[in-house]
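Below is work.txt, holding compact mmCIF, C-alpha atoms.
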```txt
# COMPACT_ATOMS: atom_id res chain seq x y z
CA MET A 1 0.00 0.00 0.00
CA SER A 2 2.94 2.34 0.56
CA ASP A 3 3.10 3.71 -3.00
CA LEU A 4 -0.54 4.83 -2.75
CA PHE A 5 0.03 7.00 0.29
CA ASP A 6 2.93 9.27 -0.80
CA PRO A 7 0.70 12.38 -1.19
CA LEU A 8 -0.33 12.01 2.47
CA ARG A 9 3.12 12.81 3.78
CA HIS A 10 2.57 16.50 3.07
CA SER A 11 -0.93 16.82 4.52
CA ILE A 12 -2.85 16.46 7.76
CA PRO A 13 -6.23 14.76 8.31
CA LEU A 14 -9.36 16.84 7.93
CA ALA A 15 -10.66 15.39 11.21
CA PRO A 16 -10.30 12.19 13.26
CA LEU A 17 -11.25 9.19 11.14
CA LYS A 18 -14.27 7.04 12.06
CA ILE A 19 -15.89 4.17 10.14
CA ALA A 20 -19.48 3.10 10.74
CA ALA A 21 -20.16 -0.25 9.08
CA LEU A 22 -23.72 -1.48 8.70
CA GLU A 23 -24.39 -5.08 9.66
CA GLY A 24 -24.31 -6.36 6.09
CA CYS A 25 -20.63 -5.59 5.56
CA ARG A 26 -18.92 -5.75 8.96
CA ASP A 27 -16.48 -8.53 8.09
CA PHE A 28 -15.34 -6.60 5.04
CA ALA A 29 -15.11 -3.36 7.04
CA GLN A 30 -12.99 -5.10 9.68
CA GLN A 31 -10.42 -6.00 7.03
CA VAL A 32 -10.39 -2.43 5.70
CA ASN A 33 -9.98 -1.17 9.26
CA GLN A 34 -7.04 -3.51 9.82
CA HIS A 35 -5.24 -2.15 6.76
CA LEU A 36 -5.67 1.39 8.05
CA VAL A 37 -4.54 0.51 11.58
CA GLU A 38 -1.44 -1.31 10.34
CA TYR A 39 -0.45 1.45 7.97
CA ARG A 40 -0.94 4.32 10.40
CA HIS A 41 1.01 2.51 13.10
CA THR A 42 3.92 1.57 10.84
CA ASN A 43 4.02 4.55 8.48
CA PRO A 44 2.93 7.63 10.44
CA THR A 45 2.74 10.81 8.38
CA LEU A 46 2.58 13.11 11.42
CA PRO A 47 4.74 13.66 14.51
CA ALA A 48 3.31 12.03 17.63
CA ASP A 49 3.23 15.32 19.57
CA SER A 50 1.21 17.17 16.90
CA ILE A 51 -2.35 18.13 17.78
CA ALA A 52 -3.31 16.92 14.31
CA TYR A 53 -2.09 13.48 15.38
CA ALA A 54 -4.94 13.10 17.87
CA GLU A 55 -6.60 9.71 17.27
CA TYR A 56 -4.52 9.35 14.08
CA ALA A 57 -2.93 6.02 15.04
CA ALA A 58 -5.94 4.52 16.82
CA ASP A 59 -6.19 0.82 17.55
CA SER A 60 -9.46 0.77 15.61
CA PHE A 61 -11.44 3.27 13.54
CA LEU A 62 -14.70 1.34 13.69
CA VAL A 63 -17.57 2.79 15.69
CA ASP A 64 -20.28 0.77 17.44
CA CYS A 65 -23.54 1.24 15.54
CA ALA A 66 -26.72 -0.76 15.02
CA CYS A 67 -30.20 -0.63 13.49
CA PRO A 68 -32.50 -2.57 15.84
CA ARG A 69 -36.15 -3.07 14.95
CA PHE A 70 -39.47 -2.94 16.74
CA GLY A 71 -41.91 -5.83 16.56
CA THR A 72 -43.65 -4.18 13.61
CA GLY A 73 -40.43 -4.28 11.57
CA GLU A 74 -39.79 -0.54 11.92
CA GLY A 75 -36.21 0.32 12.76
CA LYS A 76 -34.01 3.02 14.23
CA GLY A 77 -30.33 3.90 13.90
CA ILE A 78 -28.08 3.97 16.96
CA ILE A 79 -24.44 5.04 17.24
CA ASN A 80 -22.94 4.04 20.58
CA THR A 81 -19.56 5.70 20.01
CA SER A 82 -19.02 9.46 19.84
CA VAL A 83 -18.50 10.74 16.31
CA ARG A 84 -18.53 14.43 17.17
CA GLY A 85 -16.06 16.37 15.03
CA SER A 86 -15.03 13.26 13.10
CA ASP A 87 -14.63 12.49 9.42
CA LEU A 88 -17.22 9.72 9.31
CA PHE A 89 -17.29 7.05 6.59
CA ILE A 90 -20.48 4.96 6.55
CA LEU A 91 -20.09 1.64 4.74
CA ALA A 92 -23.18 -0.18 3.42
CA ASP A 93 -23.65 -3.30 1.29
CA ILE A 94 -27.19 -3.12 -0.06
CA THR A 95 -26.88 -6.55 -1.74
CA ASN A 96 -26.56 -8.64 1.44
CA CYS A 97 -29.67 -10.81 1.21
CA SER A 98 -28.63 -13.17 4.04
CA LEU A 99 -29.77 -10.94 6.91
CA THR A 100 -33.22 -11.29 8.44
CA TYR A 101 -35.55 -9.36 10.75
CA LYS A 102 -38.90 -10.04 12.40
CA VAL A 103 -42.21 -8.47 11.37
CA CYS A 104 -45.05 -9.39 13.72
CA GLY A 105 -43.46 -12.78 14.32
CA TYR A 106 -42.68 -13.48 10.66
CA THR A 107 -39.12 -13.65 9.33
CA ASN A 108 -38.26 -11.27 6.49
CA TYR A 109 -35.02 -11.13 4.49
CA MET A 110 -33.29 -7.78 4.11
CA SER A 111 -33.79 -6.25 0.68
CA PRO A 112 -31.79 -3.38 -0.88
CA ASP A 113 -34.61 -1.06 0.21
CA ASN A 114 -34.17 -2.18 3.84
CA HIS A 115 -30.41 -1.64 3.69
CA PHE A 116 -30.83 1.81 2.20
CA GLN A 117 -33.27 2.79 4.94
CA ASP A 118 -30.74 1.63 7.56
CA LEU A 119 -28.06 3.71 5.87
CA LYS A 120 -30.27 6.78 6.19
CA ARG A 121 -30.92 5.93 9.84
CA ILE A 122 -27.18 5.93 10.64
CA ILE A 123 -26.74 9.19 8.73
CA SER A 124 -29.59 10.67 10.76
CA ALA A 125 -28.02 9.49 14.01
CA SER A 126 -24.71 11.18 13.15
CA ASP A 127 -25.95 14.30 11.42
CA GLY A 128 -25.08 17.52 13.22
CA LYS A 129 -22.28 15.79 15.12
CA ALA A 130 -19.78 14.51 12.56
CA LYS A 131 -17.67 17.14 10.82
CA ARG A 132 -18.17 15.40 7.49
CA ILE A 133 -20.26 12.41 6.38
CA ASN A 134 -19.06 10.17 3.56
CA VAL A 135 -21.08 7.23 2.26
CA ILE A 136 -19.33 4.18 0.80
CA MET A 137 -21.85 2.11 -1.14
CA PRO A 138 -19.84 -0.32 -3.32
CA PHE A 139 -22.94 -1.52 -5.18
CA LEU A 140 -24.82 1.69 -5.91
CA TYR A 141 -28.41 1.50 -4.70
CA GLU A 142 -30.81 1.43 -7.67
CA GLY A 143 -27.85 2.02 -9.99
CA ARG A 144 -29.52 -0.14 -12.64
CA GLN A 145 -32.58 2.14 -12.65
CA HIS A 146 -30.53 5.13 -13.80
CA LYS A 147 -32.60 6.26 -16.77
CA ARG A 148 -36.22 6.57 -17.76
CA SER A 149 -37.99 4.80 -20.60
CA GLY A 150 -41.57 5.95 -20.73
CA ARG A 151 -43.48 6.27 -17.46
CA GLU A 152 -40.78 4.92 -15.13
CA SER A 153 -39.28 6.08 -11.88
CA LEU A 154 -35.74 7.49 -11.62
CA ASP A 155 -34.83 5.68 -8.41
CA CYS A 156 -31.06 6.15 -8.45
CA ALA A 157 -31.28 9.91 -8.95
CA LEU A 158 -33.89 10.20 -6.19
CA ALA A 159 -31.75 8.16 -3.77
CA LEU A 160 -28.64 10.25 -4.44
CA GLN A 161 -30.57 13.48 -3.99
CA GLU A 162 -31.97 12.18 -0.73
CA LEU A 163 -28.44 11.48 0.59
CA ALA A 164 -27.29 14.93 -0.51
CA ALA A 165 -30.25 16.54 1.26
CA MET A 166 -29.31 14.68 4.46
CA GLY A 167 -25.89 16.35 4.51
CA VAL A 168 -23.68 13.69 2.90
CA SER A 169 -20.54 15.30 1.45
CA ASN A 170 -19.13 12.42 -0.60
CA ILE A 171 -20.60 9.29 -2.15
CA LEU A 172 -18.11 6.56 -3.07
CA THR A 173 -19.08 3.60 -5.21
CA PHE A 174 -17.45 1.03 -7.48
CA ASP A 175 -18.04 0.45 -11.16
CA ALA A 176 -21.30 2.40 -11.30
CA HIS A 177 -23.66 0.93 -13.90
CA ASP A 178 -23.77 4.39 -15.47
CA PRO A 179 -21.48 7.05 -13.88
CA ARG A 180 -23.67 9.80 -15.37
CA VAL A 181 -26.04 9.36 -12.44
CA GLN A 182 -23.73 11.78 -10.60
CA ASN A 183 -25.44 14.54 -12.62
CA ALA A 184 -28.30 14.20 -10.14
CA VAL A 185 -26.07 15.54 -7.33
CA PRO A 186 -23.65 18.01 -8.95
CA LEU A 187 -22.82 19.88 -5.72
CA ILE A 188 -21.41 16.97 -3.69
CA GLY A 189 -18.56 14.56 -4.29
CA PHE A 190 -19.29 11.42 -6.29
CA ASP A 191 -16.54 8.97 -7.19
CA THR A 192 -16.75 5.58 -8.87
CA PHE A 193 -13.68 3.33 -8.80
CA MET A 194 -12.69 0.48 -11.09
CA PRO A 195 -11.04 -2.78 -9.93
CA THR A 196 -9.03 -3.29 -13.16
CA TYR A 197 -5.69 -3.69 -11.39
CA GLN A 198 -7.13 -6.14 -8.85
CA PHE A 199 -8.66 -8.22 -11.67
CA LEU A 200 -5.35 -8.48 -13.48
CA LYS A 201 -3.49 -9.31 -10.29
CA ALA A 202 -5.99 -12.07 -9.41
CA ILE A 203 -5.67 -13.64 -12.87
CA LEU A 204 -1.86 -13.58 -12.82
CA LEU A 205 -1.71 -15.08 -9.33
CA SER A 206 -4.10 -17.91 -10.16
CA THR A 207 -2.98 -18.62 -13.74
CA PRO A 208 0.83 -18.84 -14.04
CA ASP A 209 0.75 -19.56 -17.80
CA PHE A 210 -1.40 -16.50 -18.60
CA LYS A 211 0.25 -14.61 -21.49
CA ILE A 212 -0.44 -10.94 -22.17
CA ASP A 213 0.12 -10.16 -25.84
CA SER A 214 -2.03 -9.84 -28.95
CA ASP A 215 -1.21 -13.38 -30.07
CA HIS A 216 -2.49 -15.03 -26.90
CA LEU A 217 -5.10 -12.70 -25.35
CA MET A 218 -8.22 -10.73 -26.26
CA ILE A 219 -10.52 -8.58 -24.12
CA ILE A 220 -14.27 -8.98 -24.68
CA SER A 221 -17.11 -6.58 -23.94
CA PRO A 222 -20.32 -8.63 -23.45
CA ASP A 223 -22.51 -5.69 -24.52
CA GLU A 224 -22.45 -2.01 -25.43
CA GLY A 225 -22.64 -0.89 -21.80
CA ALA A 226 -19.31 -2.52 -20.91
CA MET A 227 -17.38 -0.93 -23.79
CA ASN A 228 -15.51 1.64 -21.71
CA ARG A 229 -14.27 -1.01 -19.28
CA ALA A 230 -13.10 -3.28 -22.09
CA VAL A 231 -11.46 -0.45 -24.06
CA TYR A 232 -9.38 0.60 -21.06
CA PHE A 233 -8.41 -2.99 -20.20
CA SER A 234 -7.36 -3.80 -23.78
CA THR A 235 -5.51 -0.51 -24.24
CA ILE A 236 -3.45 -0.78 -21.06
CA LEU A 237 -2.55 -4.40 -21.88
CA GLY A 238 -1.87 -3.68 -25.54
CA VAL A 239 -4.18 -6.40 -26.87
CA ASP A 240 -7.19 -6.51 -29.22
CA MET A 241 -10.79 -6.12 -28.13
CA GLY A 242 -14.02 -7.66 -29.34
CA MET A 243 -17.63 -6.84 -28.53
CA PHE A 244 -21.02 -8.53 -28.42
CA TYR A 245 -24.22 -6.60 -28.81
CA LYS A 246 -27.60 -7.79 -27.66
CA ARG A 247 -30.35 -8.21 -30.24
CA ARG A 248 -33.63 -7.95 -28.31
CA ASP A 249 -37.24 -8.70 -29.11
CA TYR A 250 -38.89 -5.34 -28.48
CA SER A 251 -42.35 -6.73 -29.19
CA THR A 252 -42.26 -8.87 -26.03
CA ILE A 253 -41.74 -8.14 -22.33
CA VAL A 254 -40.60 -10.89 -19.96
CA ASN A 255 -40.03 -10.13 -16.27
CA GLY A 256 -40.15 -6.42 -17.00
CA LYS A 257 -37.62 -6.38 -19.86
CA ASN A 258 -37.30 -7.21 -23.53
CA PRO A 259 -35.77 -10.69 -23.93
CA ILE A 260 -32.44 -11.15 -25.71
CA VAL A 261 -32.86 -12.95 -29.03
CA ALA A 262 -29.14 -13.33 -29.83
CA HIS A 263 -25.66 -12.02 -29.07
CA GLU A 264 -23.90 -10.77 -32.21
CA PHE A 265 -20.09 -10.58 -32.21
CA LEU A 266 -17.91 -7.79 -33.60
CA GLY A 267 -14.15 -8.24 -33.66
CA ASP A 268 -11.22 -10.31 -34.88
CA SER A 269 -10.90 -14.08 -34.49
CA VAL A 270 -10.59 -15.41 -30.93
CA SER A 271 -9.42 -18.83 -32.12
CA GLY A 272 -6.62 -20.21 -29.94
CA LYS A 273 -6.60 -17.15 -27.65
CA ASP A 274 -7.46 -16.67 -23.99
CA VAL A 275 -10.36 -14.24 -23.66
CA VAL A 276 -11.27 -12.02 -20.71
CA ILE A 277 -14.89 -10.88 -20.51
CA VAL A 278 -15.17 -7.64 -18.52
CA ASP A 279 -18.45 -6.37 -17.02
CA ASP A 280 -19.80 -4.65 -13.92
CA MET A 281 -21.88 -7.53 -12.54
CA ILE A 282 -23.17 -11.05 -12.86
CA SER A 283 -26.84 -11.01 -11.91
CA SER A 284 -28.61 -14.15 -13.12
CA GLY A 285 -25.65 -14.79 -15.43
CA GLU A 286 -27.77 -15.85 -18.41
CA SER A 287 -26.29 -13.24 -20.74
CA MET A 288 -22.71 -13.80 -19.54
CA LEU A 289 -22.95 -17.57 -19.95
CA ASP A 290 -24.29 -17.24 -23.48
CA VAL A 291 -21.34 -14.99 -24.38
CA ALA A 292 -18.89 -17.51 -22.85
CA LYS A 293 -20.43 -20.37 -24.87
CA GLN A 294 -20.30 -18.38 -28.09
CA LEU A 295 -16.62 -17.59 -27.52
CA LYS A 296 -15.87 -21.27 -26.97
CA ASP A 297 -17.84 -22.10 -30.11
CA ARG A 298 -15.45 -19.71 -31.88
CA ASN A 299 -12.54 -21.83 -30.57
CA ALA A 300 -11.37 -19.53 -27.79
CA LYS A 301 -8.69 -21.26 -25.68
CA ARG A 302 -9.82 -20.25 -22.17
CA VAL A 303 -12.63 -17.98 -20.99
CA PHE A 304 -12.06 -15.73 -17.95
CA VAL A 305 -14.93 -13.63 -16.61
CA CYS A 306 -14.09 -10.50 -14.60
CA THR A 307 -17.02 -8.74 -12.93
CA THR A 308 -16.97 -6.30 -10.03
CA PHE A 309 -20.06 -7.77 -8.39
CA GLY A 310 -20.97 -11.44 -8.32
CA LEU A 311 -24.66 -11.56 -7.37
CA PHE A 312 -25.63 -14.97 -8.82
CA THR A 313 -29.31 -14.28 -8.26
CA ASP A 314 -30.39 -17.59 -9.86
CA GLY A 315 -27.83 -19.74 -8.06
CA PHE A 316 -24.82 -21.64 -9.41
CA ASP A 317 -26.28 -24.67 -11.22
CA LYS A 318 -25.90 -23.17 -14.69
CA PHE A 319 -22.36 -21.99 -13.94
CA ASP A 320 -21.43 -25.45 -12.69
CA GLU A 321 -22.84 -26.97 -15.88
CA TYR A 322 -20.94 -24.57 -18.15
CA TYR A 323 -17.71 -25.12 -16.22
CA GLN A 324 -18.06 -28.90 -16.53
CA LYS A 325 -18.74 -28.56 -20.27
CA GLY A 326 -15.60 -26.44 -20.68
CA TYR A 327 -17.38 -23.22 -21.70
CA LEU A 328 -16.05 -21.38 -18.67
CA ASP A 329 -12.61 -21.52 -17.02
CA LYS A 330 -12.58 -18.92 -14.27
CA ILE A 331 -14.80 -16.26 -12.72
CA ILE A 332 -13.13 -13.38 -10.87
CA THR A 333 -15.25 -11.05 -8.72
CA THR A 334 -14.38 -8.62 -5.97
CA ASN A 335 -15.21 -8.98 -2.28
CA LEU A 336 -17.05 -5.64 -2.27
CA ASN A 337 -20.47 -7.25 -1.86
CA TYR A 338 -22.01 -10.22 -0.08
CA ARG A 339 -21.47 -13.55 -1.80
CA ASP A 340 -23.19 -16.83 -1.04
CA PRO A 341 -20.73 -19.01 0.93
CA GLU A 342 -21.32 -21.77 -1.63
CA LEU A 343 -19.45 -19.67 -4.18
CA PHE A 344 -16.17 -20.16 -2.29
CA THR A 345 -16.39 -23.92 -2.89
CA LYS A 346 -16.47 -23.57 -6.67
CA PRO A 347 -13.29 -24.56 -8.52
CA TYR A 348 -13.81 -21.78 -11.07
CA TYR A 349 -14.04 -18.94 -8.54
CA GLN A 350 -11.25 -16.46 -7.80
CA GLU A 351 -11.56 -13.45 -5.49
CA ALA A 352 -10.07 -10.03 -6.21
CA ASP A 353 -9.41 -8.48 -2.81
CA MET A 354 -10.43 -4.81 -2.56
CA THR A 355 -9.87 -4.13 1.14
CA GLY A 356 -6.42 -2.56 0.79
CA PHE A 357 -7.62 -0.47 -2.15
CA LEU A 358 -10.60 0.88 -0.21
CA ALA A 359 -8.37 1.59 2.80
CA SER A 360 -6.13 3.74 0.58
CA ILE A 361 -9.17 5.63 -0.72
CA ILE A 362 -10.43 6.33 2.80
CA ASP A 363 -7.01 7.46 4.02
CA SER A 364 -6.53 9.81 1.06
CA LEU A 365 -9.97 11.37 1.50
CA ASN A 366 -9.41 11.73 5.23
CA HIS A 367 -6.28 13.76 4.40
CA ASP A 368 -8.31 15.72 1.83
CA VAL A 369 -5.77 15.12 -0.92
CA SER A 370 -6.26 14.31 -4.58
CA ILE A 371 -7.30 10.75 -5.34
CA GLU A 372 -6.30 10.93 -9.00
CA HIS A 373 -3.52 8.41 -8.37
CA ILE A 374 -6.16 5.97 -7.07
CA ILE A 375 -8.80 6.55 -9.72
CA SER A 376 -6.32 5.76 -12.49
CA PRO A 377 -4.56 2.41 -11.89
CA THR A 378 -2.37 2.77 -15.00
CA TYR A 379 0.90 3.15 -13.09
CA LYS A 380 0.27 0.10 -10.89
CA ILE A 381 -0.78 -2.02 -13.86
CA ASN A 382 2.36 -1.04 -15.77
CA GLN A 383 4.44 -1.96 -12.72
CA LEU A 384 2.72 -5.34 -12.50
CA LEU A 385 3.24 -6.02 -16.20
CA ALA A 386 6.92 -5.01 -16.01
CA LYS A 387 7.45 -7.36 -13.07
CA MET A 388 5.72 -10.20 -14.89
CA ARG A 389 7.77 -9.71 -18.07
CA ALA A 390 11.00 -9.47 -16.08
CA SER A 391 10.26 -12.83 -14.41
CA GLU A 392 9.49 -14.40 -17.81
CA ALA A 393 12.81 -13.18 -19.19
CA VAL A 394 14.80 -14.88 -16.39
```
Go through the file and emit its structure as structure tokens.
Amino acid sequence: MSDLFDPLRHSIPLAPLKIAALEGCRDFAQQVNQHLVEYRHTNPTLPADSIAYAEYAADSFLVDCACPRFGTGEGKGIINTSVRGSDLFILADITNCSLTYKVCGYTNYMSPDNHFQDLKRIISASDGKAKRINVIMPFLYEGRQHKRSGRESLDCALALQELAAMGVSNILTFDAHDPRVQNAVPLIGFDTFMPTYQFLKAILLSTPDFKIDSDHLMIISPDEGAMNRAVYFSTILGVDMGMFYKRRDYSTIVNGKNPIVAHEFLGDSVSGKDVVIVDDMISSGESMLDVAKQLKDRNAKRVFVCTTFGLFTDGFDKFDEYYQKGYLDKIITTNLNYRDPELFTKPYYQEADMTGFLASIIDSLNHDVSIEHIISPTYKINQLLAKMRASEAV
């Protein structure tokens, strides 16, 4: 992490750092907290006798918070640790569907709506006390409902405006489905980060014979929406890119959307090459699996899928089947969101750890310095590639 923190050596924190993690992401937050504790104890940027050093090298930055519920299912936010004058980061995973609560004796599972309400409760409990409130929502709430087609709601814009109205200064997310949603809140900070470097690192660590050149590798965009991700990935690696586009039946609506009739491919031959499919999420996985099969039908060597969020809303049976048939070689997702424990037993799964990356983001923002070096991972990717090529030359 040391190379990420150089700008901090010439700055002081805006205020004492505090992290409030909602129940759905406490294990993840604990790992982020540990990175921050270890770094600030081993690489202090301030003299110990400085007033700005107060609480800088704490043993933990996590605050005790909770959202208990009444018998009716209504809740309230409680913060049991003082956050007065602090730079508060509230971490929420709105995709954690494993949590339950009681409603008049019945058991309900937490939905994204429930998680978002709890986030607002913790903001309300800290408002007027914290010096600054920052929200870290890796999977952006209602990010897929970012535009209007006909008489539809604009849920993502409404949610962002609600957070801004509550006094939130910064909203941090990862791989936003459409970053243009920040236009809804132009007067507060909105940053979306990409895990490109972590994807590449995870592939290289798990696949020793992975070759990065135009003769052995190709980056694939599974649809038009993932083009920017794929263009950056292919450009930084110096390899070709291909793209699928979805042909839909606009005369039919199934489960609220027009069904995909076929995936059409644009690009050079993938025959004999490893291919990396880059996207923001796997939801049901139907579209992703069809793309993987089509690539194999075109004689691709190995198929790697890199997605920021692995939701697997329809379970793993289809993925298991495609892996056994050889259509799919590896799936890499981040640990930014809740994943079914069953996923960790799958031979095709590889995790891209984001805890150190998020810790560096939090530390930089706490020092109120530019995060340009974090937003653009080009330097770190070039370092990784140089190291890999040096080891191959030995």
(request) Figure out the distance between CA of Thr334 (chain A) and CA of Pro195 (chain A), please, to one decimal in Å. (result) 7.8 Å
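Considering only C-alpha atoms, the residue among A:Gln31, A:Thr42, A:Gln117, A:Ser111 positioned nearest to Gly356 (chain A) is A:Gln31.
When CA of Met137 (chain A) is paired with CA of Phe174 (chain A), their separation reads 7.8 Å.
Nearest to Arg144 (chain A) of all the residues A:Asn170, A:Ser271, A:Asn183, A:Ser283 is A:Ser283, based on only C-alpha atoms.
For the residues A:Thr196, A:Ser364, A:Ser234, A:Ser221, ranking by smallest atom-to-atom distance to Leu36 (chain A) using all atoms listed in the file places A:Ser364 first.
Comparing A:Asp93, A:Asp274, A:Asp268, A:Asp320 by their smallest distance to Phe28 (chain A), the closest is A:Asp93 (using only C-alpha atoms).
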Since the input lacks atoms, please generate N, CA and C atoms for region 364-386 of chain A and provide them as a PDB file, in the frame of the given file.
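Output file selection.pdb is given in full below:
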```pdb
ATOM      1  N   SER A 364      -6.769   8.634   1.902  1.00  0.00           N
ATOM      2  CA  SER A 364      -6.530   9.810   1.060  1.00  0.00           C
ATOM      3  C   SER A 364      -7.623  10.857   1.258  1.00  0.00           C
ATOM      4  N   LEU A 365      -8.876  10.425   1.298  1.00  0.00           N
ATOM      5  CA  LEU A 365      -9.970  11.370   1.500  1.00  0.00           C
ATOM      6  C   LEU A 365      -9.925  11.995   2.883  1.00  0.00           C
ATOM      7  N   ASN A 366      -9.529  11.198   3.876  1.00  0.00           N
ATOM      8  CA  ASN A 366      -9.410  11.730   5.230  1.00  0.00           C
ATOM      9  C   ASN A 366      -8.349  12.834   5.301  1.00  0.00           C
ATOM     10  N   HIS A 367      -7.305  12.717   4.474  1.00  0.00           N
ATOM     11  CA  HIS A 367      -6.280  13.760   4.400  1.00  0.00           C
ATOM     12  C   HIS A 367      -6.666  14.881   3.441  1.00  0.00           C
ATOM     13  N   ASP A 368      -7.810  14.714   2.769  1.00  0.00           N
ATOM     14  CA  ASP A 368      -8.310  15.720   1.830  1.00  0.00           C
ATOM     15  C   ASP A 368      -7.321  16.015   0.709  1.00  0.00           C
ATOM     16  N   VAL A 369      -6.698  14.955   0.195  1.00  0.00           N
ATOM     17  CA  VAL A 369      -5.770  15.120  -0.920  1.00  0.00           C
ATOM     18  C   VAL A 369      -6.378  14.527  -2.182  1.00  0.00           C
ATOM     19  N   SER A 370      -5.772  14.817  -3.301  1.00  0.00           N
ATOM     20  CA  SER A 370      -6.260  14.310  -4.580  1.00  0.00           C
ATOM     21  C   SER A 370      -6.232  12.780  -4.593  1.00  0.00           C
ATOM     22  N   ILE A 371      -7.256  12.210  -5.207  1.00  0.00           N
ATOM     23  CA  ILE A 371      -7.300  10.750  -5.340  1.00  0.00           C
ATOM     24  C   ILE A 371      -7.107  10.338  -6.804  1.00  0.00           C
ATOM     25  N   GLU A 372      -6.541  11.229  -7.590  1.00  0.00           N
ATOM     26  CA  GLU A 372      -6.300  10.930  -9.000  1.00  0.00           C
ATOM     27  C   GLU A 372      -5.435   9.694  -9.166  1.00  0.00           C
ATOM     28  N   HIS A 373      -4.433   9.559  -8.265  1.00  0.00           N
ATOM     29  CA  HIS A 373      -3.520   8.410  -8.370  1.00  0.00           C
ATOM     30  C   HIS A 373      -4.229   7.093  -8.053  1.00  0.00           C
ATOM     31  N   ILE A 374      -5.387   7.179  -7.393  1.00  0.00           N
ATOM     32  CA  ILE A 374      -6.160   5.970  -7.070  1.00  0.00           C
ATOM     33  C   ILE A 374      -7.170   5.683  -8.171  1.00  0.00           C
ATOM     34  N   ILE A 375      -7.795   6.733  -8.685  1.00  0.00           N
ATOM     35  CA  ILE A 375      -8.800   6.550  -9.720  1.00  0.00           C
ATOM     36  C   ILE A 375      -8.194   5.898 -10.961  1.00  0.00           C
ATOM     37  N   SER A 376      -6.975   6.317 -11.316  1.00  0.00           N
ATOM     38  CA  SER A 376      -6.320   5.760 -12.490  1.00  0.00           C
ATOM     39  C   SER A 376      -5.268   4.741 -12.061  1.00  0.00           C
ATOM     40  N   PRO A 377      -5.494   3.447 -12.322  1.00  0.00           N
ATOM     41  CA  PRO A 377      -4.560   2.410 -11.890  1.00  0.00           C
ATOM     42  C   PRO A 377      -3.450   2.140 -12.900  1.00  0.00           C
ATOM     43  N   THR A 378      -3.300   3.027 -13.902  1.00  0.00           N
ATOM     44  CA  THR A 378      -2.370   2.770 -15.000  1.00  0.00           C
ATOM     45  C   THR A 378      -0.958   2.492 -14.502  1.00  0.00           C
ATOM     46  N   TYR A 379      -0.474   3.313 -13.583  1.00  0.00           N
ATOM     47  CA  TYR A 379       0.900   3.150 -13.090  1.00  0.00           C
ATOM     48  C   TYR A 379       1.095   1.788 -12.435  1.00  0.00           C
ATOM     49  N   LYS A 380       0.147   1.377 -11.589  1.00  0.00           N
ATOM     50  CA  LYS A 380       0.270   0.100 -10.890  1.00  0.00           C
ATOM     51  C   LYS A 380       0.179  -1.078 -11.865  1.00  0.00           C
ATOM     52  N   ILE A 381      -0.676  -0.954 -12.874  1.00  0.00           N
ATOM     53  CA  ILE A 381      -0.780  -2.020 -13.860  1.00  0.00           C
ATOM     54  C   ILE A 381       0.517  -2.144 -14.651  1.00  0.00           C
ATOM     55  N   ASN A 382       1.085  -1.004 -15.035  1.00  0.00           N
ATOM     56  CA  ASN A 382       2.360  -1.040 -15.770  1.00  0.00           C
ATOM     57  C   ASN A 382       3.463  -1.645 -14.917  1.00  0.00           C
ATOM     58  N   GLN A 383       3.462  -1.348 -13.625  1.00  0.00           N
ATOM     59  CA  GLN A 383       4.440  -1.960 -12.720  1.00  0.00           C
ATOM     60  C   GLN A 383       4.269  -3.474 -12.670  1.00  0.00           C
ATOM     61  N   LEU A 384       3.009  -3.905 -12.571  1.00  0.00           N
ATOM     62  CA  LEU A 384       2.720  -5.340 -12.500  1.00  0.00           C
ATOM     63  C   LEU A 384       3.149  -6.050 -13.787  1.00  0.00           C
ATOM     64  N   LEU A 385       2.866  -5.423 -14.927  1.00  0.00           N
ATOM     65  CA  LEU A 385       3.240  -6.020 -16.200  1.00  0.00           C
ATOM     66  C   LEU A 385       4.763  -6.085 -16.349  1.00  0.00           C
ATOM     67  N   ALA A 386       5.457  -5.025 -15.917  1.00  0.00           N
ATOM     68  CA  ALA A 386       6.920  -5.010 -16.010  1.00  0.00           C
ATOM     69  C   ALA A 386       7.521  -6.115 -15.145  1.00  0.00           C
TER      70      ALA A 386
END
```
